[in-house]
file work.txt (compact mmCIF, C-alpha atoms and all ligand atoms)
# COMPACT_ATOMS: atom_id res chain seq x y z
CA MET A 21 -124.23 -24.31 46.24
CA ASP A 22 -120.89 -25.35 47.64
CA PHE A 23 -119.34 -27.19 44.72
CA LYS A 24 -116.08 -27.96 46.54
CA GLY A 25 -115.34 -31.69 46.60
CA GLN A 26 -118.70 -32.53 44.97
CA HIS A 27 -119.31 -35.00 42.16
CA VAL A 28 -121.20 -33.47 39.22
CA LEU A 29 -123.39 -36.38 38.10
CA THR A 30 -126.72 -34.91 37.09
CA THR A 31 -128.09 -31.63 35.87
CA GLU A 32 -130.63 -31.69 38.74
CA GLN A 33 -127.77 -30.71 41.07
CA PHE A 34 -127.85 -27.23 39.52
CA ASP A 35 -130.54 -24.98 40.93
CA ARG A 36 -130.85 -21.46 39.60
CA LYS A 37 -128.33 -20.12 42.14
CA ALA A 38 -125.76 -22.72 41.17
CA VAL A 39 -126.25 -21.97 37.47
CA ASP A 40 -125.75 -18.25 38.12
CA GLN A 41 -122.64 -18.99 40.17
CA LEU A 42 -121.18 -21.11 37.38
CA ILE A 43 -121.97 -18.46 34.76
CA GLU A 44 -120.13 -15.84 36.81
CA THR A 45 -117.13 -18.15 37.31
CA ALA A 46 -117.05 -19.07 33.60
CA LYS A 47 -117.12 -15.36 32.70
CA SER A 48 -114.06 -14.77 34.86
CA MET A 49 -112.33 -17.69 33.10
CA GLU A 50 -112.96 -16.46 29.54
CA GLN A 51 -109.81 -14.32 29.53
CA PHE A 52 -107.71 -17.46 30.18
CA ALA A 53 -109.74 -19.77 27.93
CA LYS A 54 -108.36 -18.24 24.75
CA LYS A 55 -105.47 -19.65 22.73
CA GLY A 56 -102.09 -18.56 24.06
CA GLN A 57 -103.50 -17.81 27.54
CA ARG A 58 -103.34 -19.69 30.84
CA THR A 59 -103.34 -19.18 34.60
CA ASP A 60 -101.38 -21.20 37.15
CA LEU A 61 -104.38 -21.78 39.41
CA MET A 62 -104.22 -25.59 39.04
CA ASN A 63 -100.46 -25.91 39.25
CA GLY A 64 -99.70 -29.49 40.35
CA LYS A 65 -103.29 -30.70 39.88
CA ILE A 66 -104.20 -33.58 37.57
CA LEU A 67 -107.41 -34.24 35.63
CA ALA A 68 -108.09 -37.82 34.47
CA THR A 69 -110.38 -38.18 31.45
CA LEU A 70 -111.94 -41.65 31.24
CA PHE A 71 -113.98 -42.16 28.09
CA PHE A 72 -115.92 -45.37 27.40
CA GLU A 73 -117.76 -43.81 24.45
CA PRO A 74 -116.64 -41.76 21.43
CA SER A 75 -115.99 -38.05 21.87
CA THR A 76 -114.20 -35.25 20.06
CA ARG A 77 -115.24 -32.00 21.75
CA THR A 78 -116.07 -32.98 25.30
CA ARG A 79 -112.80 -34.76 26.06
CA PHE A 80 -110.58 -32.20 24.34
CA SER A 81 -112.60 -29.39 25.93
CA PHE A 82 -112.06 -30.77 29.47
CA GLU A 83 -108.40 -31.35 28.72
CA THR A 84 -107.90 -27.88 27.21
CA ALA A 85 -109.70 -26.38 30.21
CA MET A 86 -107.34 -28.15 32.65
CA ILE A 87 -104.24 -27.18 30.68
CA ARG A 88 -105.32 -23.51 30.47
CA LEU A 89 -105.87 -23.62 34.24
CA GLY A 90 -102.22 -24.64 34.64
CA GLY A 91 -102.92 -28.27 35.53
CA GLN A 92 -102.12 -31.48 33.71
CA VAL A 93 -104.06 -34.34 32.17
CA ILE A 94 -103.91 -38.14 32.19
CA THR A 95 -106.28 -39.84 29.79
CA ASN A 96 -107.70 -43.00 28.36
CA HIS A 97 -110.04 -42.41 25.46
CA ASP A 98 -110.78 -46.10 24.94
CA MET A 99 -111.44 -47.39 28.45
CA LEU A 100 -113.73 -50.14 27.21
CA MET A 101 -111.03 -51.90 25.18
CA THR A 102 -107.72 -50.90 26.78
CA SER A 103 -108.27 -50.44 30.54
CA SER A 104 -108.48 -53.14 33.23
CA ILE A 105 -112.28 -52.98 32.87
CA LYS A 106 -111.60 -55.30 29.92
CA LYS A 107 -110.10 -57.81 32.41
CA GLY A 108 -113.16 -57.58 34.63
CA GLU A 109 -112.22 -54.80 37.05
CA SER A 110 -115.24 -53.07 38.58
CA LEU A 111 -116.00 -49.39 38.10
CA TRP A 112 -115.82 -48.99 41.90
CA ASP A 113 -112.21 -50.30 41.95
CA THR A 114 -111.33 -48.15 38.95
CA GLY A 115 -112.65 -45.12 40.85
CA GLN A 116 -110.50 -46.03 43.88
CA VAL A 117 -107.40 -46.40 41.74
CA ILE A 118 -107.76 -43.33 39.50
CA SER A 119 -108.47 -41.09 42.48
CA ARG A 120 -105.03 -42.00 43.81
CA PHE A 121 -103.49 -40.44 40.69
CA ALA A 122 -105.85 -37.58 39.83
CA ASP A 123 -107.46 -34.68 41.70
CA VAL A 124 -110.58 -34.70 39.52
CA ILE A 125 -112.09 -37.10 36.96
CA ALA A 126 -114.23 -36.45 33.85
CA MET A 127 -115.93 -39.60 32.59
CA ARG A 128 -118.23 -40.64 29.74
CA HIS A 129 -120.07 -43.95 29.43
CA SER A 130 -122.66 -45.44 27.09
CA LYS A 131 -124.95 -46.52 29.95
CA ALA A 132 -126.89 -44.13 32.15
CA GLY A 133 -125.81 -44.40 35.81
CA MET A 134 -122.33 -45.82 35.16
CA VAL A 135 -120.54 -42.54 35.90
CA ALA A 136 -122.28 -42.52 39.29
CA GLU A 137 -121.08 -46.11 39.79
CA LEU A 138 -117.42 -45.12 39.38
CA ALA A 139 -118.00 -42.03 41.53
CA LYS A 140 -119.00 -44.30 44.46
CA GLY A 141 -115.45 -45.64 44.52
CA SER A 142 -113.74 -42.31 43.88
CA THR A 143 -112.35 -40.10 46.62
CA VAL A 144 -112.04 -37.12 44.23
CA PRO A 145 -114.80 -35.25 42.34
CA VAL A 146 -116.15 -37.07 39.29
CA ILE A 147 -117.80 -35.02 36.52
CA ASN A 148 -120.30 -36.70 34.21
CA ALA A 149 -119.20 -36.03 30.62
CA GLY A 150 -122.28 -37.83 29.24
CA ASP A 151 -123.83 -41.11 30.41
CA GLY A 152 -125.77 -42.88 27.69
CA PRO A 153 -129.13 -41.28 26.99
CA GLY A 154 -129.16 -39.99 30.59
CA ASP A 155 -127.54 -36.66 31.22
CA HIS A 156 -124.75 -34.40 29.95
CA PRO A 157 -124.54 -31.62 32.55
CA THR A 158 -121.56 -29.71 31.14
CA GLN A 159 -123.06 -29.56 27.63
CA GLY A 160 -126.34 -28.25 29.06
CA LEU A 161 -124.44 -25.68 31.11
CA LEU A 162 -122.39 -24.50 28.16
CA ASP A 163 -125.59 -24.13 26.15
CA VAL A 164 -127.04 -21.95 28.94
CA TYR A 165 -123.80 -19.97 28.91
CA THR A 166 -123.92 -19.55 25.12
CA ILE A 167 -127.47 -18.13 25.37
CA PHE A 168 -126.33 -15.75 28.12
CA ARG A 169 -123.41 -14.54 26.05
CA GLU A 170 -125.34 -14.28 22.78
CA LYS A 171 -128.78 -13.10 24.02
CA GLY A 172 -127.94 -11.53 27.39
CA GLY A 173 -129.98 -14.08 29.41
CA LEU A 174 -132.78 -16.63 29.16
CA ASP A 175 -135.75 -14.95 30.82
CA GLY A 176 -138.50 -14.09 28.36
CA LEU A 177 -137.14 -16.26 25.53
CA LYS A 178 -138.99 -18.81 23.43
CA ILE A 179 -136.74 -21.83 23.07
CA GLY A 180 -137.36 -24.76 20.74
CA LEU A 181 -135.78 -28.17 21.39
CA ILE A 182 -135.95 -29.91 18.03
CA GLY A 183 -134.94 -33.50 17.27
CA ASP A 184 -134.52 -36.80 19.10
CA LEU A 185 -135.90 -35.67 22.46
CA LYS A 186 -136.17 -39.27 23.67
CA ASN A 187 -132.54 -40.25 23.29
CA SER A 188 -130.49 -37.06 23.31
CA ARG A 189 -128.92 -36.52 26.73
CA VAL A 190 -128.18 -32.96 25.63
CA PHE A 191 -131.88 -32.16 25.28
CA HIS A 192 -132.53 -33.77 28.66
CA SER A 193 -129.91 -31.59 30.34
CA GLU A 194 -131.09 -28.48 28.48
CA ALA A 195 -134.74 -29.01 29.47
CA LYS A 196 -133.77 -29.39 33.14
CA LEU A 197 -131.66 -26.23 33.05
CA PHE A 198 -133.73 -23.99 30.74
CA SER A 199 -136.90 -24.67 32.78
CA GLN A 200 -135.32 -22.88 35.75
CA PHE A 201 -135.69 -19.61 33.84
CA LYS A 202 -138.84 -17.77 32.74
CA VAL A 203 -138.84 -19.32 29.27
CA LYS A 204 -141.40 -20.78 26.92
CA LEU A 205 -140.20 -24.24 25.87
CA ILE A 206 -141.42 -25.74 22.61
CA LEU A 207 -140.63 -29.44 22.16
CA VAL A 208 -140.55 -30.66 18.56
CA SER A 209 -140.00 -34.32 17.66
CA PRO A 210 -141.60 -37.21 15.82
CA PRO A 211 -144.07 -38.92 18.24
CA GLU A 212 -141.71 -41.93 18.67
CA LEU A 213 -138.92 -39.63 19.84
CA ALA A 214 -140.83 -37.53 22.37
CA MET A 215 -139.28 -36.16 25.56
CA PRO A 216 -139.42 -38.63 28.51
CA GLU A 217 -142.47 -38.07 30.72
CA GLU A 218 -140.47 -37.44 33.89
CA ILE A 219 -138.62 -34.53 32.27
CA ILE A 220 -141.88 -33.04 30.99
CA ARG A 221 -143.31 -33.34 34.52
CA LEU A 222 -140.24 -31.62 35.97
CA CYS A 223 -140.62 -28.72 33.50
CA GLN A 224 -144.35 -28.46 34.31
CA SER A 225 -143.65 -28.38 38.04
CA ARG A 226 -141.55 -25.27 37.41
CA LYS A 227 -144.60 -23.53 35.96
CA ILE A 228 -142.99 -22.55 32.67
CA GLU A 229 -144.99 -22.39 29.44
CA LEU A 230 -144.54 -25.72 27.66
CA MET A 231 -145.82 -26.81 24.26
CA GLU A 232 -145.28 -29.91 22.11
CA ALA A 233 -145.30 -29.80 18.29
CA GLU A 234 -144.49 -32.17 15.45
CA SER A 235 -143.73 -29.69 12.68
CA VAL A 236 -140.79 -27.33 12.92
CA LEU A 237 -142.36 -25.09 10.27
CA ASP A 238 -145.31 -24.38 12.56
CA VAL A 239 -143.09 -22.91 15.28
CA ILE A 240 -139.74 -21.75 13.88
CA SER A 241 -140.81 -18.15 13.21
CA GLU A 242 -141.54 -17.53 16.92
CA LEU A 243 -138.31 -18.99 18.36
CA ASP A 244 -135.50 -16.94 19.88
CA VAL A 245 -133.32 -20.02 20.42
CA ILE A 246 -133.42 -23.04 18.10
CA SER A 247 -131.68 -25.97 19.80
CA THR A 248 -130.92 -28.92 17.54
CA ASN A 249 -129.10 -32.24 17.83
CA ARG A 250 -128.69 -35.27 15.57
CA ILE A 251 -131.04 -38.26 15.73
CA GLN A 252 -129.07 -40.52 18.11
CA GLU A 253 -128.30 -43.50 15.88
CA GLU A 254 -126.46 -45.51 18.55
CA ARG A 255 -129.50 -45.55 20.87
CA PHE A 256 -131.88 -47.25 18.41
CA ALA A 257 -132.54 -50.96 18.96
CA ASP A 258 -134.08 -51.15 15.52
CA ARG A 259 -132.12 -50.01 12.45
CA SER A 260 -135.17 -49.50 10.24
CA THR A 261 -136.72 -47.02 12.71
CA TYR A 262 -133.50 -45.00 12.65
CA GLU A 263 -133.42 -45.04 8.83
CA ARG A 264 -137.02 -43.83 8.73
CA LEU A 265 -136.48 -41.02 11.23
CA LYS A 266 -132.90 -39.89 10.59
CA LYS A 267 -133.89 -37.08 8.25
CA SER A 268 -136.86 -35.84 10.31
CA PHE A 269 -135.36 -32.35 10.55
CA ILE A 270 -132.92 -30.70 8.19
CA PHE A 271 -131.90 -27.13 8.87
CA ASP A 272 -130.92 -25.55 5.57
CA LYS A 273 -131.14 -22.06 4.04
CA LYS A 274 -134.79 -22.49 3.14
CA LEU A 275 -135.85 -23.45 6.67
CA LEU A 276 -133.63 -20.85 8.36
CA ASN A 277 -135.26 -18.17 6.17
CA GLU A 278 -138.38 -18.70 8.27
CA ALA A 279 -136.55 -17.95 11.55
CA LYS A 280 -136.27 -14.56 13.27
CA LYS A 281 -133.36 -12.37 12.18
CA GLU A 282 -132.06 -12.27 15.76
CA ALA A 283 -132.66 -15.95 16.60
CA ILE A 284 -129.71 -18.20 17.44
CA LEU A 285 -129.29 -21.83 16.40
CA LEU A 286 -127.44 -24.24 18.70
CA ASN A 287 -126.10 -27.75 18.12
CA PRO A 288 -123.73 -29.64 20.45
CA LEU A 289 -122.13 -31.35 17.43
CA PRO A 290 -121.35 -33.76 15.84
CA ARG A 291 -123.89 -32.92 13.15
CA VAL A 292 -124.90 -35.46 10.56
CA ASP A 293 -128.07 -34.83 8.59
CA GLU A 294 -129.74 -32.14 10.67
CA ILE A 295 -127.56 -29.13 9.77
CA HIS A 296 -126.70 -28.39 6.14
CA PRO A 297 -123.19 -26.88 5.87
CA GLU A 298 -124.64 -24.13 3.62
CA ILE A 299 -125.93 -22.36 6.77
CA ASP A 300 -122.56 -22.36 8.58
CA VAL A 301 -121.90 -18.79 7.38
CA ASP A 302 -125.24 -17.54 8.74
CA PRO A 303 -124.37 -15.43 11.83
CA ARG A 304 -127.33 -16.97 13.69
CA CYS A 305 -125.58 -20.37 13.74
CA LYS A 306 -123.59 -20.59 16.96
CA TYR A 307 -122.45 -24.22 17.03
CA PHE A 308 -118.77 -23.45 16.65
CA GLU A 309 -118.98 -20.58 19.17
CA GLN A 310 -120.47 -23.11 21.62
CA VAL A 311 -117.22 -25.08 21.39
CA SER A 312 -115.22 -22.03 22.53
CA TYR A 313 -117.61 -21.12 25.34
CA GLY A 314 -117.41 -24.74 26.53
CA VAL A 315 -113.76 -24.34 27.54
CA ALA A 316 -114.54 -21.37 29.81
CA VAL A 317 -117.51 -23.21 31.34
CA ARG A 318 -115.44 -26.33 32.08
CA MET A 319 -112.62 -24.19 33.51
CA GLY A 320 -115.22 -22.57 35.77
CA LEU A 321 -116.60 -25.92 36.88
CA LEU A 322 -113.14 -27.40 37.56
CA LYS A 323 -112.30 -24.31 39.62
CA LEU A 324 -115.48 -24.69 41.67
CA VAL A 325 -115.25 -28.43 42.34
CA LEU A 326 -111.60 -28.16 43.33
CA GLY A 327 -112.47 -25.16 45.54
CA LEU A 328 -109.64 -23.00 44.22
C1 LIG B 401 -123.20 -34.72 22.26
C2 LIG B 401 -123.15 -35.97 23.12
O1 LIG B 401 -122.11 -36.63 23.19
O2 LIG B 401 -124.16 -36.23 23.74
N1 LIG B 401 -121.98 -34.24 21.83
C3 LIG B 401 -121.20 -33.49 22.65
O3 LIG B 401 -120.94 -33.84 23.78
N2 LIG B 401 -120.73 -32.34 22.17
C4 LIG B 401 -124.23 -34.80 21.18
C5 LIG B 401 -124.29 -35.99 20.28
O4 LIG B 401 -123.48 -36.90 20.33
O5 LIG B 401 -125.19 -35.98 19.44
call {"tool": "encode", "arguments": {"input": "work.txt", "output": "structure tokens", "more": "lines below"}}
Ligand code: NCD
result
Amino acid sequence: MDFKGQHVLTTEQFDRKAVDQLIETAKSMEQFAKKGQRTDLMNGKILATLFFEPSTRTRFSFETAMIRLGGQVITNHDMLMTSSIKKGESLWDTGQVISRFADVIAMRHSKAGMVAELAKGSTVPVINAGDGPGDHPTQGLLDVYTIFREKGGLDGLKIGLIGDLKNSRVFHSEAKLFSQFKVKLILVSPPELAMPEEIIRLCQSRKIELMEAESVLDVISELDVISTNRIQEERFADRSTYERLKKSFIFDKKLLNEAKKEAILLNPLPRVDEIHPEIDVDPRCKYFEQVSYGVAVRMGLLKLVLGL
């Protein structure tokens, strides 16, 4: 895929070839992604980060990536309250304006499709940093990258997606990316939080083995990759449903004892109830490593979309 000048709005844009290309580019960036390192590849280039929804990792990861590439960053982490959107400016106009300052934009919004809306008005590449329950391409890609780095690849692995499969954009992006490999996917959630039908259909069309389960105990011992994410509180219309489901899965020492010795456990963070801090020292838990890999992946993606 020729990434140059392209918006990155959905995970569907990444076929297997594009994923492989990004993995290779991210690998070549790892040497510069470390603390104290940088290249001057993006000298004179500017990244704008426009966040309409809370973030710790994703925004800082994009910004760190741009700085390590030798570029600079302009940011607004509270677009909803402090940008001209508050005065009624359209996303299209905002896209027009920001693309006169920046060479590339990373944007997050609480509503699916809104990043694409701003991209229509932008003359520079816009990267979706998470749009509501929709998609979160760079998180999905960094999860693929983490599995490559930790397990050597995805083919042949049994991967469990465990949690709020309905609302977590991370699970949506992961399912779309993981299903391009020869994996067995096991989807585990309470019935109310099942994976959207269209994503299940997409996975099925790729002829991978797919199974749905309700109990993590029934499947954990066969998993090579255990992907977890919090129940997405902010997406529930009804508070009492969230309260009832928020502790559906808790990964603690007892549960992890049932997993394979060489399994890995992923979580995009933030964690709330689903990961007990007592397992942080378990070498199978890779959630903080994911944060580091994410910088190299975003450096790789910035390099590709800017065609440098
Ligand atoms: C995730 C997100 O924002 O979707 N976090 C992240 O980007 N690292 C996961 C979440 O909020 O649960």
call {"tool": "residues_around", "arguments": {"input": "work.txt", "residues": "stretch 23-36 of chain A", "least_positions_apart": "3", "cutoff": "6 Å", "atoms": "all atoms listed in the file", "output": "PDB file with C-alpha atoms, keeping the file's coordinate frame"}}
result
ATOM      1  CA  VAL A  39    -126.250 -21.970  37.470  1.00  0.00           C
ATOM      2  CA  PRO A 145    -114.800 -35.250  42.340  1.00  0.00           C
ATOM      3  CA  VAL A 146    -116.150 -37.070  39.290  1.00  0.00           C
ATOM      4  CA  ILE A 147    -117.800 -35.020  36.520  1.00  0.00           C
ATOM      5  CA  ASN A 148    -120.300 -36.700  34.210  1.00  0.00           C
ATOM      6  CA  PRO A 157    -124.540 -31.620  32.550  1.00  0.00           C
ATOM      7  CA  SER A 193    -129.910 -31.590  30.340  1.00  0.00           C
ATOM      8  CA  LEU A 324    -115.480 -24.690  41.670  1.00  0.00           C
ATOM      9  CA  VAL A 325    -115.250 -28.430  42.340  1.00  0.00           C
ATOM     10  CA  LEU A 326    -111.600 -28.160  43.330  1.00  0.00           C
ATOM     11  CA  GLY A 327    -112.470 -25.160  45.540  1.00  0.00           C
TER      12      GLY A 327
END
call {"tool": "residues_near_ligand", "arguments": {"input": "work.txt", "ligand": "ligand LIG 401 (chain B)", "cutoff": "9 Å", "atoms": "only C-alpha atoms and all ligand atoms", "output": "ChimeraX atom specification"}}
result
/A:73-79,128,149-153,155-156,158-159,188-191,249-253,287-292,311
call {"tool": "residues_around", "arguments": {"input": "work.txt", "residues": "A:Val315", "least_positions_apart": "2", "cutoff": "7 Å", "atoms": "only C-alpha atoms", "output": "list in words"}}
result
Ala53, Ser81, Phe82, Thr84, Ala85, Ser312, Tyr313, Val317, Arg318 and Met319 of chain A
call {"tool": "residues_around", "arguments": {"input": "work.txt", "residues": "stretch 256-273 of chain A", "least_positions_apart": "2", "cutoff": "12 Å", "atoms": "only C-alpha atoms", "output": "mmCIF file with C-alpha atoms, in the coordinates of the input"}}
result
data_model
loop_
_atom_site.group_PDB
_atom_site.id
_atom_site.type_symbol
_atom_site.label_atom_id
_atom_site.label_comp_id
_atom_site.auth_asym_id
_atom_site.auth_seq_id
_atom_site.Cartn_x
_atom_site.Cartn_y
_atom_site.Cartn_z
ATOM 1 C CA GLY A 152 -125.770 -42.880 27.690
ATOM 2 C CA PRO A 153 -129.130 -41.280 26.990
ATOM 3 C CA LEU A 181 -135.780 -28.170 21.390
ATOM 4 C CA ILE A 182 -135.950 -29.910 18.030
ATOM 5 C CA GLY A 183 -134.940 -33.500 17.270
ATOM 6 C CA ASP A 184 -134.520 -36.800 19.100
ATOM 7 C CA LYS A 186 -136.170 -39.270 23.670
ATOM 8 C CA ASN A 187 -132.540 -40.250 23.290
ATOM 9 C CA SER A 188 -130.490 -37.060 23.310
ATOM 10 C CA VAL A 208 -140.550 -30.660 18.560
ATOM 11 C CA SER A 209 -140.000 -34.320 17.660
ATOM 12 C CA PRO A 210 -141.600 -37.210 15.820
ATOM 13 C CA PRO A 211 -144.070 -38.920 18.240
ATOM 14 C CA GLU A 212 -141.710 -41.930 18.670
ATOM 15 C CA LEU A 213 -138.920 -39.630 19.840
ATOM 16 C CA GLU A 234 -144.490 -32.170 15.450
ATOM 17 C CA SER A 235 -143.730 -29.690 12.680
ATOM 18 C CA VAL A 236 -140.790 -27.330 12.920
ATOM 19 C CA LEU A 237 -142.360 -25.090 10.270
ATOM 20 C CA ILE A 240 -139.740 -21.750 13.880
ATOM 21 C CA ILE A 246 -133.420 -23.040 18.100
ATOM 22 C CA SER A 247 -131.680 -25.970 19.800
ATOM 23 C CA THR A 248 -130.920 -28.920 17.540
ATOM 24 C CA ASN A 249 -129.100 -32.240 17.830
ATOM 25 C CA ARG A 250 -128.690 -35.270 15.570
ATOM 26 C CA ILE A 251 -131.040 -38.260 15.730
ATOM 27 C CA GLN A 252 -129.070 -40.520 18.110
ATOM 28 C CA GLU A 253 -128.300 -43.500 15.880
ATOM 29 C CA GLU A 254 -126.460 -45.510 18.550
ATOM 30 C CA LEU A 275 -135.850 -23.450 6.670
ATOM 31 C CA LEU A 276 -133.630 -20.850 8.360
ATOM 32 C CA ASN A 277 -135.260 -18.170 6.170
ATOM 33 C CA GLU A 278 -138.380 -18.700 8.270
ATOM 34 C CA ALA A 279 -136.550 -17.950 11.550
ATOM 35 C CA LEU A 285 -129.290 -21.830 16.400
ATOM 36 C CA LEU A 286 -127.440 -24.240 18.700
ATOM 37 C CA ASN A 287 -126.100 -27.750 18.120
ATOM 38 C CA ARG A 291 -123.890 -32.920 13.150
ATOM 39 C CA VAL A 292 -124.900 -35.460 10.560
ATOM 40 C CA ASP A 293 -128.070 -34.830 8.590
ATOM 41 C CA GLU A 294 -129.740 -32.140 10.670
ATOM 42 C CA ILE A 295 -127.560 -29.130 9.770
ATOM 43 C CA HIS A 296 -126.700 -28.390 6.140
ATOM 44 C CA PRO A 297 -123.190 -26.880 5.870
ATOM 45 C CA GLU A 298 -124.640 -24.130 3.620
ATOM 46 C CA ILE A 299 -125.930 -22.360 6.770
ATOM 47 C CA ASP A 300 -122.560 -22.360 8.580
ATOM 48 C CA VAL A 301 -121.900 -18.790 7.380
ATOM 49 C CA ASP A 302 -125.240 -17.540 8.740
ATOM 50 C CA ARG A 304 -127.330 -16.970 13.690
ATOM 51 C CA CYS A 305 -125.580 -20.370 13.740
#
call {"tool": "atom_distance", "arguments": {"input": "work.txt", "atom1": "atom CA of A:Lys106", "atom2": "atom CA of A:Glu137"}}
result
16.5 Å
call {"tool": "atom_distance", "arguments": {"input": "work.txt", "atom1": "atom CA of A:Asp244", "atom2": "atom CA of A:Lys306"}}
result
12.8 Å
call {"tool": "atom_distance", "arguments": {"input": "work.txt", "atom1": "atom CA of A:Ala68", "atom2": "atom CA of A:Phe121"}}
result
8.2 Å
call {"tool": "closest_residue", "arguments": {"input": "work.txt", "among": "A:Leu89, A:Leu207, A:Leu197, A:Val239", "to": "A:Asp60", "atoms": "all atoms listed in the file"}}
result
A:Leu89
call {"tool": "residues_around", "arguments": {"input": "work.txt", "residues": "A:Met62", "least_positions_apart": "5", "cutoff": "9 Å", "atoms": "all atoms listed in the file", "output": "PyMOL selection string"}}
result
chain A and resi 86-92+323+326+328
call {"tool": "closest_residue", "arguments": {"input": "work.txt", "among": "A:Cys223, A:Leu322, A:Val117, A:Ile228", "to": "A:Met49", "atoms": "all atoms listed in the file"}}
result
A:Leu322
call {"tool": "closest_residue", "arguments": {"input": "work.txt", "among": "A:Leu138, A:Leu42, A:Met99, A:Ile284", "to": "A:Gln116", "atoms": "only C-alpha atoms"}}
result
A:Leu138
call {"tool": "closest_residue", "arguments": {"input": "work.txt", "among": "A:Ala38, A:Leu177, A:Met215, A:Ile118", "to": "A:Gly154", "atoms": "all atoms listed in the file"}}
result
A:Met215
call {"tool": "closest_residue", "arguments": {"input": "work.txt", "among": "A:Leu100, A:Ala233, A:Gly180, A:Tyr165", "to": "A:Ser130", "atoms": "all atoms listed in the file"}}
result
A:Leu100
call {"tool": "axis_aligned_box", "arguments": {"input": "work.txt", "around": "stretch 112-126 of chain A", "padding_each_side": "5 Å", "output": "JSON"}}
result
{"center_x": -109.7, "center_y": -42.5, "center_z": 38.9, "size_x": 22.3, "size_y": 25.6, "size_z": 20.0}
call {"tool": "closest_residue", "arguments": {"input": "work.txt", "among": "A:Ser199, A:Gly141, A:Glu242, A:Ile66", "to": "A:Gln224", "atoms": "all atoms listed in the file"}}
result
A:Ser199
